[in-house]
>>> print(open('run.txt').read())   # compact mmCIF, C-alpha atoms
# COMPACT_ATOMS: atom_id res chain seq x y z
CA MET A 1 -40.31 228.52 1.23
CA LEU A 2 -40.84 224.82 1.80
CA LEU A 3 -39.25 224.26 -1.57
CA GLY A 4 -36.28 226.27 -0.35
CA ALA A 5 -36.11 224.13 2.76
CA LEU A 6 -36.06 221.02 0.61
CA GLY A 7 -33.29 222.47 -1.51
CA LEU A 8 -31.22 223.33 1.54
CA ALA A 9 -31.80 219.92 3.05
CA GLY A 10 -30.69 218.36 -0.21
CA LEU A 11 -27.57 220.51 -0.19
CA ALA A 12 -26.81 219.51 3.38
CA VAL A 13 -27.11 215.82 2.49
CA LEU A 14 -24.92 216.31 -0.58
CA LEU A 15 -22.26 218.04 1.48
CA ALA A 16 -22.44 215.41 4.21
CA TRP A 17 -21.20 212.55 2.14
CA PRO A 18 -21.12 212.45 -1.70
CA ALA A 19 -19.29 215.75 -2.12
CA PRO A 20 -16.62 215.06 0.52
CA ARG A 21 -16.11 211.62 -0.97
CA LEU A 22 -15.47 213.09 -4.43
CA LEU A 23 -13.21 215.79 -3.08
CA ALA A 24 -11.22 213.48 -0.82
CA HIS A 25 -10.38 211.08 -3.64
CA ALA A 26 -9.65 213.72 -6.26
CA GLY A 27 -6.09 214.25 -7.43
CA TRP A 28 -6.24 217.94 -8.34
CA PRO A 29 -5.98 219.29 -4.74
CA ARG A 30 -2.27 218.44 -4.86
CA ASP A 31 -1.88 221.09 -7.54
CA ALA A 32 -3.74 223.75 -5.59
CA PRO A 33 -3.67 222.87 -1.89
CA VAL A 34 -4.58 226.32 -0.59
CA ALA A 35 -7.64 226.57 -2.83
CA ALA A 36 -8.62 223.00 -1.98
CA LEU A 37 -8.43 223.92 1.69
CA LEU A 38 -10.74 226.87 1.05
CA LEU A 39 -13.14 224.51 -0.67
CA TRP A 40 -13.17 222.13 2.28
CA GLN A 41 -13.88 225.03 4.60
CA ALA A 42 -16.73 226.09 2.32
CA VAL A 43 -18.12 222.54 2.28
CA GLY A 44 -18.10 222.44 6.08
CA LEU A 45 -19.60 225.90 6.49
CA ALA A 46 -22.21 225.53 3.74
CA GLY A 47 -23.20 222.08 5.02
CA GLY A 48 -23.75 223.35 8.54
CA LEU A 49 -25.61 226.47 7.39
CA ALA A 50 -27.77 224.45 5.00
CA ALA A 51 -28.80 222.00 7.70
CA ILE A 52 -29.66 224.78 10.14
CA GLY A 53 -31.27 226.90 7.44
CA ALA A 54 -33.53 224.09 6.25
CA GLY A 55 -34.99 223.68 9.71
CA LEU A 56 -35.43 227.43 10.17
CA LEU A 57 -37.22 227.74 6.84
CA VAL A 58 -39.70 225.03 7.81
CA ALA A 59 -40.19 226.64 11.19
CA VAL A 60 -40.90 230.19 10.01
CA GLU A 61 -42.75 229.25 6.82
CA PRO A 62 -46.12 230.48 8.12
CA LEU A 63 -44.64 233.72 9.38
CA GLY A 64 -43.49 235.38 6.21
CA PRO A 65 -42.52 235.06 2.53
CA SER A 66 -38.79 234.83 3.18
CA LEU A 67 -36.42 233.68 5.89
CA PRO A 68 -35.35 237.10 7.19
CA GLN A 69 -38.96 238.28 7.35
CA GLY A 70 -40.06 235.09 9.01
CA LEU A 71 -37.29 235.31 11.59
CA THR A 72 -38.04 238.94 12.29
CA ARG A 73 -41.71 238.10 12.83
CA LEU A 74 -40.74 235.26 15.15
CA ALA A 75 -38.39 237.53 17.11
CA GLY A 76 -41.20 240.04 17.44
CA ASP A 77 -43.55 237.37 18.72
CA VAL A 78 -40.98 236.16 21.23
CA LEU A 79 -40.34 239.66 22.52
CA ALA A 80 -44.06 240.28 22.81
CA GLY A 81 -44.36 237.17 24.94
CA HIS A 82 -46.33 235.11 22.43
CA PRO A 83 -43.72 232.92 20.76
CA GLY A 84 -46.17 230.24 19.67
CA ARG A 85 -48.80 232.54 18.22
CA ASN A 86 -48.12 231.87 14.59
CA LEU A 87 -46.25 228.60 14.74
CA GLN A 88 -47.57 225.17 13.89
CA PRO A 89 -46.52 221.98 15.74
CA ALA A 90 -44.19 220.96 12.95
CA SER A 91 -42.56 224.37 13.21
CA TRP A 92 -41.70 223.82 16.85
CA VAL A 93 -39.90 220.59 16.02
CA ALA A 94 -38.02 222.16 13.14
CA LEU A 95 -37.08 225.17 15.23
CA ALA A 96 -35.88 223.03 18.09
CA LEU A 97 -33.79 220.90 15.75
CA SER A 98 -32.18 223.88 14.04
CA VAL A 99 -31.43 225.85 17.17
CA GLY A 100 -30.26 222.67 18.87
CA LEU A 101 -27.92 221.88 16.01
CA ALA A 102 -26.48 225.39 15.98
CA LEU A 103 -25.95 225.40 19.71
CA ARG A 104 -24.38 221.96 19.69
CA LEU A 105 -21.93 222.94 16.95
CA LEU A 106 -20.95 226.04 18.86
CA LEU A 107 -20.66 224.17 22.13
CA VAL A 108 -18.44 221.44 20.70
CA LEU A 109 -16.22 224.01 19.01
CA VAL A 110 -15.74 225.88 22.27
CA SER A 111 -15.12 222.77 24.36
CA GLN A 112 -12.74 221.28 21.79
CA THR A 113 -10.80 224.55 21.71
CA VAL A 114 -10.53 224.67 25.49
CA ARG A 115 -9.50 221.02 25.66
CA THR A 116 -6.89 221.44 22.93
CA LEU A 117 -5.39 224.51 24.57
CA ARG A 118 -5.24 222.79 27.92
CA LEU A 119 -3.54 219.62 26.57
CA ARG A 120 -1.12 221.62 24.47
CA HIS A 121 -0.19 223.87 27.38
CA ARG A 122 0.46 220.83 29.55
CA HIS A 123 2.59 219.15 26.90
CA ARG A 124 4.60 222.31 26.30
CA THR A 125 5.20 222.86 30.01
CA VAL A 126 6.73 219.42 30.34
CA VAL A 127 8.73 219.77 27.11
CA ASP A 128 10.26 223.04 28.30
CA LEU A 129 11.50 221.38 31.48
CA VAL A 130 12.47 217.95 30.19
CA ALA A 131 13.90 218.62 26.74
CA ASP A 132 17.13 220.45 25.98
CA PRO A 133 17.04 223.83 24.26
CA TRP A 134 18.26 223.90 20.68
CA PRO A 135 21.99 224.63 20.74
CA GLU A 136 21.97 227.45 18.19
CA MET A 137 19.85 230.37 17.06
CA LEU A 138 17.21 229.50 14.52
CA PRO A 139 15.70 231.74 11.83
CA ASP A 140 12.26 233.34 12.22
CA MET A 141 12.65 233.32 16.00
CA LEU A 142 11.79 229.64 16.06
CA SER A 143 11.98 228.02 19.46
CA ALA A 144 13.09 224.40 19.28
CA ARG A 145 13.76 221.64 21.79
CA VAL A 146 15.46 218.25 21.70
CA LEU A 147 13.93 215.30 23.53
CA ALA A 148 16.46 212.84 24.92
CA HIS A 149 15.04 209.76 23.23
CA SER A 150 16.45 207.46 20.58
CA GLY A 151 13.10 207.14 18.80
CA GLN A 152 12.40 209.43 15.87
CA VAL A 153 9.85 212.18 16.14
CA ALA A 154 9.59 215.68 14.82
CA TYR A 155 6.59 217.81 15.65
CA CYS A 156 5.49 221.30 16.55
CA LEU A 157 3.31 222.77 19.26
CA PRO A 158 1.42 225.77 17.87
CA GLY A 159 0.21 228.79 19.79
CA ARG A 160 1.63 231.97 21.21
CA GLN A 161 4.54 230.10 22.80
CA ALA A 162 5.15 227.83 19.87
CA ARG A 163 7.77 225.12 19.93
CA VAL A 164 9.32 222.71 17.47
CA VAL A 165 10.26 219.45 19.16
CA LEU A 166 12.68 216.90 17.76
CA SER A 167 13.95 213.74 19.38
CA ARG A 168 17.67 213.07 19.70
CA GLY A 169 17.16 210.10 17.40
CA THR A 170 15.91 212.46 14.68
CA VAL A 171 18.72 214.96 15.14
CA GLU A 172 21.37 212.27 14.98
CA ARG A 173 19.82 210.54 11.99
CA LEU A 174 19.26 213.49 9.66
CA SER A 175 22.00 215.40 7.87
CA GLY A 176 22.25 219.19 8.20
CA GLU A 177 20.13 220.15 5.19
CA ARG A 178 17.44 217.53 5.90
CA LEU A 179 17.24 218.74 9.47
CA ALA A 180 16.86 222.28 8.18
CA ALA A 181 14.05 221.03 5.94
CA VAL A 182 12.20 219.55 8.91
CA LEU A 183 12.60 222.78 10.87
CA ALA A 184 11.40 224.80 7.88
CA HIS A 185 8.35 222.54 7.49
CA GLU A 186 7.38 222.77 11.14
CA GLY A 187 8.08 226.50 11.17
CA ALA A 188 5.65 226.92 8.29
CA HIS A 189 2.91 225.17 10.28
CA LEU A 190 3.47 227.61 13.12
CA ARG A 191 3.74 230.74 10.97
CA GLN A 192 0.67 229.94 8.90
CA ARG A 193 -1.30 228.87 12.00
CA HIS A 194 -2.46 225.59 10.49
CA ASP A 195 -3.73 224.56 13.89
CA LEU A 196 -6.55 227.12 13.50
CA VAL A 197 -7.47 225.56 10.17
CA VAL A 198 -7.56 222.03 11.54
CA LEU A 199 -9.44 222.78 14.76
CA PRO A 200 -12.94 223.42 13.30
CA PHE A 201 -12.73 220.10 11.43
CA VAL A 202 -11.79 218.27 14.61
CA ALA A 203 -14.80 219.91 16.26
CA LEU A 204 -17.02 218.99 13.31
CA ARG A 205 -15.93 215.39 13.58
CA ALA A 206 -16.58 215.39 17.32
CA THR A 207 -20.09 216.73 16.63
CA PHE A 208 -20.95 214.26 13.86
CA PRO A 209 -18.79 211.18 14.38
CA PHE A 210 -21.32 209.06 12.50
CA LEU A 211 -21.02 211.07 9.26
CA PRO A 212 -18.32 209.56 7.03
CA GLY A 213 -17.92 212.92 5.27
CA VAL A 214 -16.46 214.65 8.30
CA ARG A 215 -13.79 212.00 8.75
CA LEU A 216 -12.82 212.43 5.09
CA ALA A 217 -12.80 216.19 5.61
CA GLN A 218 -10.51 216.04 8.63
CA ASP A 219 -8.08 213.62 7.00
CA SER A 220 -7.99 215.59 3.75
CA VAL A 221 -7.44 218.91 5.51
CA ALA A 222 -4.62 217.38 7.55
CA GLU A 223 -2.96 216.13 4.37
CA LEU A 224 -3.37 219.48 2.57
CA VAL A 225 -1.87 221.34 5.46
CA GLU A 226 1.17 219.03 5.35
CA MET A 227 1.54 219.75 1.63
CA MET A 228 1.44 223.47 2.27
CA ALA A 229 4.18 223.12 4.88
CA ASP A 230 6.16 220.95 2.45
CA ASP A 231 5.89 223.71 -0.17
CA ALA A 232 7.25 226.26 2.28
CA ALA A 233 10.13 223.94 3.21
CA VAL A 234 10.92 223.30 -0.48
CA ARG A 235 11.04 227.05 -1.12
CA ARG A 236 13.65 227.38 1.57
CA CYS A 237 15.67 224.15 1.35
CA GLY A 238 14.89 222.60 -2.02
CA PRO A 239 12.89 219.45 -2.81
CA ALA A 240 15.78 217.00 -2.34
CA ALA A 241 16.26 217.90 1.32
CA VAL A 242 12.55 217.71 2.10
CA CYS A 243 12.04 214.42 0.24
CA GLY A 244 15.13 213.02 1.92
CA ALA A 245 13.85 213.93 5.37
CA LEU A 246 10.41 212.48 4.63
CA THR A 247 11.90 209.24 3.34
CA GLU A 248 14.24 208.80 6.29
CA LEU A 249 11.70 209.64 8.98
CA GLY A 250 8.87 207.88 7.19
CA GLY A 251 10.88 204.68 6.92
CA ALA A 252 9.67 204.43 3.34
CA THR A 253 12.97 203.02 2.15
CA SER A 254 12.72 199.98 4.37
CA PRO A 255 9.68 197.83 3.63
CA ALA A 256 9.93 196.21 7.04
CA ALA A 257 9.46 199.49 8.87
CA GLY A 258 6.13 200.20 7.23
CA LEU A 259 3.81 202.94 8.35
CA LEU A 260 0.13 202.48 9.03
CA PRO A 261 -1.71 202.19 5.68
CA GLY A 262 -3.29 205.63 5.71
CA ASP A 263 -0.03 207.31 6.55
CA THR A 264 1.83 205.48 3.80
CA VAL A 265 -0.64 206.75 1.21
CA ALA A 266 -0.34 210.31 2.51
CA LEU A 267 3.44 210.06 2.52
CA ASP A 268 3.46 208.78 -1.06
CA HIS A 269 1.28 211.71 -2.14
CA ARG A 270 3.61 214.19 -0.53
CA LEU A 271 6.74 212.64 -2.02
CA ALA A 272 5.19 212.31 -5.48
CA ARG A 273 4.08 215.91 -5.76
CA MET A 274 7.48 217.24 -4.72
CA ARG A 275 9.31 215.04 -7.18
CA CYS A 276 7.13 216.33 -9.99
CA GLY A 277 8.34 219.87 -9.49
CA ASN A 278 6.72 223.20 -8.74
CA ARG A 279 3.01 223.05 -8.46
CA ASP A 280 1.24 226.32 -8.65
CA ASP A 281 -1.72 226.07 -10.96
CA ARG A 282 -3.10 229.58 -10.84
CA ILE A 283 -6.11 228.97 -13.05
CA LEU A 284 -7.15 225.93 -11.07
CA SER A 285 -6.71 227.83 -7.81
CA THR A 286 -8.87 230.71 -9.00
CA VAL A 287 -11.65 228.43 -10.24
CA VAL A 288 -11.66 226.42 -7.03
CA ALA A 289 -11.58 229.51 -4.81
CA GLY A 290 -14.48 230.93 -6.78
CA THR A 291 -16.42 227.71 -6.32
CA ALA A 292 -15.76 227.82 -2.59
CA VAL A 293 -17.08 231.35 -2.28
CA ALA A 294 -20.12 230.52 -4.42
CA LEU A 295 -20.91 227.46 -2.33
CA VAL A 296 -21.47 229.63 0.71
CA ALA A 297 -22.69 232.81 -0.97
CA VAL A 298 -25.32 231.45 -3.38
CA PRO A 299 -27.58 229.68 -0.85
CA THR A 300 -27.20 232.60 1.55
CA LEU A 301 -28.15 235.11 -1.11
CA ALA A 302 -31.05 232.92 -2.24
CA LEU A 303 -32.44 233.11 1.27
CA VAL A 304 -31.80 236.77 1.85
CA LEU A 305 -32.47 238.32 -1.57
CA PRO A 306 -36.27 237.96 -1.60
CA ALA A 307 -36.42 240.00 1.58
CA LEU A 308 -34.11 242.66 0.19
CA LEU A 309 -36.01 242.94 -3.06
CA SER A 310 -39.49 243.19 -1.57
CA MET B 1 21.65 230.79 34.53
CA THR B 2 19.86 233.88 33.39
CA SER B 3 16.18 233.14 32.81
CA LEU B 4 13.50 231.65 34.99
CA GLY B 5 13.21 228.78 32.53
CA ASP B 6 16.90 228.00 32.88
CA LEU B 7 16.59 228.07 36.66
CA GLU B 8 13.59 225.74 36.60
CA ARG B 9 15.50 223.31 34.39
CA ALA B 10 18.53 223.48 36.69
CA VAL B 11 16.39 222.74 39.75
CA MET B 12 14.81 219.77 37.95
CA ASP B 13 18.30 218.50 37.07
CA VAL B 14 19.25 218.58 40.77
CA LEU B 15 16.10 216.72 41.78
CA TRP B 16 16.46 214.15 39.03
CA VAL B 17 19.95 213.07 40.09
CA ALA B 18 19.15 213.17 43.81
CA GLU B 19 18.67 209.86 45.56
CA GLY B 20 15.99 211.10 47.91
CA PRO B 21 13.84 214.12 48.68
CA LEU B 22 15.75 217.35 49.21
CA SER B 23 15.12 220.50 51.18
CA ALA B 24 15.22 223.85 49.41
CA LYS B 25 18.62 224.45 50.96
CA ASP B 26 19.98 221.18 49.54
CA VAL B 27 18.57 222.04 46.13
CA SER B 28 20.22 225.44 46.23
CA ALA B 29 23.54 223.86 47.18
CA GLY B 30 23.25 221.47 44.26
CA LEU B 31 22.82 224.22 41.66
CA PRO B 32 25.86 224.98 39.54
CA GLY B 33 27.62 228.34 39.76
CA ARG B 34 26.63 231.01 42.23
CA GLU B 35 23.79 229.96 44.48
CA PRO B 36 20.68 232.08 44.09
CA ALA B 37 18.83 233.32 47.17
CA ILE B 38 16.81 230.72 49.06
CA THR B 39 13.64 232.68 48.43
CA THR B 40 14.27 232.43 44.70
CA VAL B 41 14.79 228.68 44.94
CA LEU B 42 11.60 228.36 46.99
CA THR B 43 9.68 230.35 44.40
CA VAL B 44 10.94 228.08 41.64
CA LEU B 45 10.09 224.96 43.67
CA THR B 46 6.58 226.29 44.28
CA ARG B 47 6.11 226.96 40.56
CA LEU B 48 7.33 223.46 39.74
CA THR B 49 4.97 221.99 42.35
CA ARG B 50 2.06 223.85 40.73
CA LYS B 51 3.15 222.42 37.39
CA LYS B 52 3.03 218.97 39.02
CA MET B 53 6.66 218.31 38.19
CA VAL B 54 7.68 218.36 41.85
CA LEU B 55 6.06 216.87 44.95
CA ARG B 56 6.38 218.58 48.30
CA SER B 57 6.21 216.72 51.57
CA THR B 58 3.54 217.80 54.04
CA GLY B 59 3.94 218.18 57.75
CA GLU B 60 7.02 219.50 59.48
CA ARG B 61 9.32 222.05 57.98
CA PRO B 62 11.70 222.15 56.28
CA HIS B 63 9.57 220.74 53.47
CA LEU B 64 11.27 218.16 51.31
CA TYR B 65 10.97 218.16 47.53
CA ARG B 66 11.28 215.39 44.97
CA SER B 67 10.50 215.07 41.28
CA SER B 68 7.12 213.52 40.46
CA LEU B 69 8.56 211.40 37.65
CA SER B 70 12.04 210.69 36.38
CA ARG B 71 13.27 212.52 33.32
CA GLU B 72 13.09 209.29 31.27
CA GLU B 73 9.48 208.73 32.30
CA HIS B 74 8.52 212.25 31.30
CA THR B 75 10.34 211.87 27.99
CA ALA B 76 8.65 208.57 27.24
CA ARG B 77 5.25 210.08 28.02
CA LEU B 78 5.89 213.02 25.73
CA MET B 79 6.97 210.65 22.95
CA ARG B 80 3.85 208.57 23.45
CA GLU B 81 1.61 211.65 23.32
CA ALA B 82 3.36 212.88 20.20
CA LEU B 83 2.96 209.52 18.45
CA ALA B 84 -0.62 208.87 19.51
CA ASP B 85 -3.34 208.85 16.86
CA SER B 86 -6.24 210.30 18.81
CA PRO B 87 -8.38 213.21 17.55
CA ASP B 88 -6.88 215.23 20.39
CA THR B 89 -3.37 214.69 19.07
CA VAL B 90 -4.39 215.94 15.63
CA ALA B 91 -5.56 219.21 17.17
CA VAL B 92 -2.80 219.65 19.76
CA LEU B 93 0.34 219.12 17.73
CA SER B 94 1.49 218.55 14.18
CA ARG B 95 3.89 215.72 13.28
CA PHE B 96 6.30 215.85 10.37
CA VAL B 97 5.42 212.35 9.27
CA GLY B 98 2.16 210.51 10.07
CA GLY B 99 1.81 208.14 12.96
CA ALA B 100 4.36 205.82 14.41
CA SER B 101 5.52 202.87 12.40
CA ALA B 102 4.73 199.47 13.85
CA GLN B 103 8.35 199.08 14.87
CA GLN B 104 8.47 202.47 16.54
CA VAL B 105 5.34 201.68 18.51
CA ALA B 106 6.75 198.32 19.58
CA ALA B 107 10.05 199.86 20.64
CA LEU B 108 8.32 202.59 22.56
CA ARG B 109 6.08 200.09 24.27
CA ARG B 110 9.14 198.12 25.39
CA VAL B 111 10.75 201.22 26.86
CA LEU B 112 7.57 202.24 28.62
CA ASP B 113 6.94 198.73 29.95
CA ASP B 114 10.38 198.64 31.54
CA LEU B 115 10.04 201.96 33.28
CA PRO B 116 8.58 201.96 36.77
CA GLY B 117 5.35 203.91 36.88
CA PRO B 118 4.46 206.55 39.48
CA ASP B 119 3.54 203.74 41.89
CA GLY B 120 7.01 202.22 41.61
CA ARG B 121 5.98 199.20 39.62
CA ALA B 122 7.03 198.55 36.02
CA GLY B 123 4.60 198.96 33.10
>>> encode(input="run.txt", output="structure tokens")
Amino acid sequence: MLLGALGLAGLAVLLAWPAPRLLAHAGWPRDAPVAALLLWQAVGLAGGLAAIGAGLLVAVEPLGPSLPQGLTRLAGDVLAGHPGRNLQPASWVALALSVGLALRLLLVLVSQTVRTLRLRHRHRTVVDLVADPWPEMLPDMLSARVLAHSGQVAYCLPGRQARVVLSRGTVERLSGERLAAVLAHEGAHLRQRHDLVVLPFVALRATFPFLPGVRLAQDSVAELVEMMADDAAVRRCGPAAVCGALTELGGATSPAAGLLPGDTVALDHRLARMRCGNRDDRILSTVVAGTAVALVAVPTLALVLPALLS
Amino acid sequence: MTSLGDLERAVMDVLWVAEGPLSAKDVSAGLPGREPAITTVLTVLTRLTRKKMVLRSTGERPHLYRSSLSREEHTARLMREALADSPDTVAVLSRFVGGASAQQVAALRRVLDDLPGPDGRAG
């Protein structure tokens, strides 16, 4: 079992930095953004489970031949009022670390969710009172508002009372079809609930701000989610309208109005993949999705199978 | 003026153009079209006070109401929140294109610096 713990610890370390680094700088996710997103989710989940599992394995090593049996034995000891009966000092440390890690992850996720909902609710309340309603009916029951400001923004507020918010500057700058492209893009974010995809990665980053892998994960997931919304907008409005809107709002045509370096790179990626035409590599998607499932399933099965077979 | 949302927006419009605090009666008189019942206007003003969009005077009745911030100040704050690059922003909303360009940030800063804050002073 200690060998298993070492393996899990190794996996956790791999998924904390080298793997995210490879994935974040790879080019293939642009050809299969949904599958790449699944893979990122698997990396996050498997990394967390591996770290917690490694500690648990060390802790319950004296209690049984496999993790489920060891945990059951420990639970029995706890219920009987003798939690420390079979544990060694090192086990206590490992147990404390694992349980602590699990609790902290859960706690940060909950608090980040509450905080996000509260801030979003506040922002939406003010938008509804300060911005003008969209003058015409929009498809998909989209609810849009126009902020009276000459600056250029376009964003959406997800949730049950979702809103798309554009500034007057944006509405006046973009032509009809480009405006439709922006609305289609934001509408896709809302329909596909990308906010739920992004939130766990924000929580992961808040839990481990010192791990470079989680920053790469959050940035990559944000970029993939934009690509998925771009794809939806292209399906509805065509690539020219979407590229046009991105170029105008991104200021990419004017070198003087440059974006922050990271955003310029992301913008270039998005423009490049749309100009190259339809990207829907089925084989790649299937392979990647399979890898994602395996990443979570294989270590889990390795831990659980010995108990099932005995 | 059919929905509650429309009514709230109309009341805010009245308060935003007013030169000083208004009573509920004055607010009602300032609404376009047929005046709703005073109780309705009071309900709306209470809701807006809870949302911190409106401040109500304490002490003697009739209470006087004024907006907490001007419409421009609210708008500028919303723009700033939308363009911010904090981890919170990433979770709360989703922008069409990345963060603000350097020019956009500078322009926004100029607008915000010129606006009087809640304490009446600029910046």
>>> interface_residues(input="run.txt", of="chain A", to="chain B", cutoff="9 Å", atoms="all atoms listed in the file", output="VMD selection string")
chain A and resid 112 to 113 115 to 117 119 to 120 122 to 123 125 to 131 147 to 149 151 to 158 167 182 185 to 186 189 194 to 196 198 to 199 202 205 to 206 222 226 246 249 to 251 256 to 260 262 to 264 266 to 267
>>> residues_around(input="run.txt", residues="segment 20-35 of chain B", least_positions_apart="2", cutoff="10 Å", atoms="all atoms listed in the file", output="PyMOL selection string")
chain B and resi 1+7+10-18+37-45+55-57+61-67
>>> residues_around(input="run.txt", residues="Ser220 of chain A", least_positions_apart="6", cutoff="12 Å", atoms="all atoms listed in the file", output="ChimeraX atom specification")
/A:20-27,29-30,33,36-41,197-198,201-202,213-214,226-227,262-263,265-266,269
>>> write_last_selection(input="run.txt", atoms="C-alpha atoms", output="mmCIF file, keeping the file's coordinate frame")
data_model
loop_
_atom_site.group_PDB
_atom_site.id
_atom_site.type_symbol
_atom_site.label_atom_id
_atom_site.label_comp_id
_atom_site.auth_asym_id
_atom_site.auth_seq_id
_atom_site.Cartn_x
_atom_site.Cartn_y
_atom_site.Cartn_z
ATOM 1 C CA PRO A 20 -16.620 215.060 0.520
ATOM 2 C CA ARG A 21 -16.110 211.620 -0.970
ATOM 3 C CA LEU A 22 -15.470 213.090 -4.430
ATOM 4 C CA LEU A 23 -13.210 215.790 -3.080
ATOM 5 C CA ALA A 24 -11.220 213.480 -0.820
ATOM 6 C CA HIS A 25 -10.380 211.080 -3.640
ATOM 7 C CA ALA A 26 -9.650 213.720 -6.260
ATOM 8 C CA GLY A 27 -6.090 214.250 -7.430
ATOM 9 C CA PRO A 29 -5.980 219.290 -4.740
ATOM 10 C CA ARG A 30 -2.270 218.440 -4.860
ATOM 11 C CA PRO A 33 -3.670 222.870 -1.890
ATOM 12 C CA ALA A 36 -8.620 223.000 -1.980
ATOM 13 C CA LEU A 37 -8.430 223.920 1.690
ATOM 14 C CA LEU A 38 -10.740 226.870 1.050
ATOM 15 C CA LEU A 39 -13.140 224.510 -0.670
ATOM 16 C CA TRP A 40 -13.170 222.130 2.280
ATOM 17 C CA GLN A 41 -13.880 225.030 4.600
ATOM 18 C CA VAL A 197 -7.470 225.560 10.170
ATOM 19 C CA VAL A 198 -7.560 222.030 11.540
ATOM 20 C CA PHE A 201 -12.730 220.100 11.430
ATOM 21 C CA VAL A 202 -11.790 218.270 14.610
ATOM 22 C CA GLY A 213 -17.920 212.920 5.270
ATOM 23 C CA VAL A 214 -16.460 214.650 8.300
ATOM 24 C CA GLU A 226 1.170 219.030 5.350
ATOM 25 C CA MET A 227 1.540 219.750 1.630
ATOM 26 C CA GLY A 262 -3.290 205.630 5.710
ATOM 27 C CA ASP A 263 -0.030 207.310 6.550
ATOM 28 C CA VAL A 265 -0.640 206.750 1.210
ATOM 29 C CA ALA A 266 -0.340 210.310 2.510
ATOM 30 C CA HIS A 269 1.280 211.710 -2.140
#
>>> atom_distance(input="run.txt", atom1="atom CA of Ala229 of chain A", atom2="atom CA of Val34 of chain A")
10.8 Å
>>> atom_distance(input="run.txt", atom1="atom CA of Glu223 of chain A", atom2="atom CA of Leu174 of chain A")
23.0 Å
>>> residues_around(input="run.txt", residues="Trp92 of chain A", least_positions_apart="3", cutoff="10 Å", atoms="only C-alpha atoms", output="PyMOL selection string")
chain A and resi 55-56+58-60+84+87-89+95-98
>>> atom_distance(input="run.txt", atom1="atom CA of Pro239 of chain A", atom2="atom CA of Arg275 of chain A")
7.2 Å
>>> residues_around(input="run.txt", residues="Leu101 of chain A", least_positions_apart="2", cutoff="12 Å", atoms="only C-alpha atoms", output="number ranges by chain")
A: 47-56, 94-99, 103-108, 204, 207-208
>>> residues_around(input="run.txt", residues="Thr291 of chain A", least_positions_apart="5", cutoff="9 Å", atoms="all atoms listed in the file", output="VMD selection string")
chain A and resid 39 42 286 296
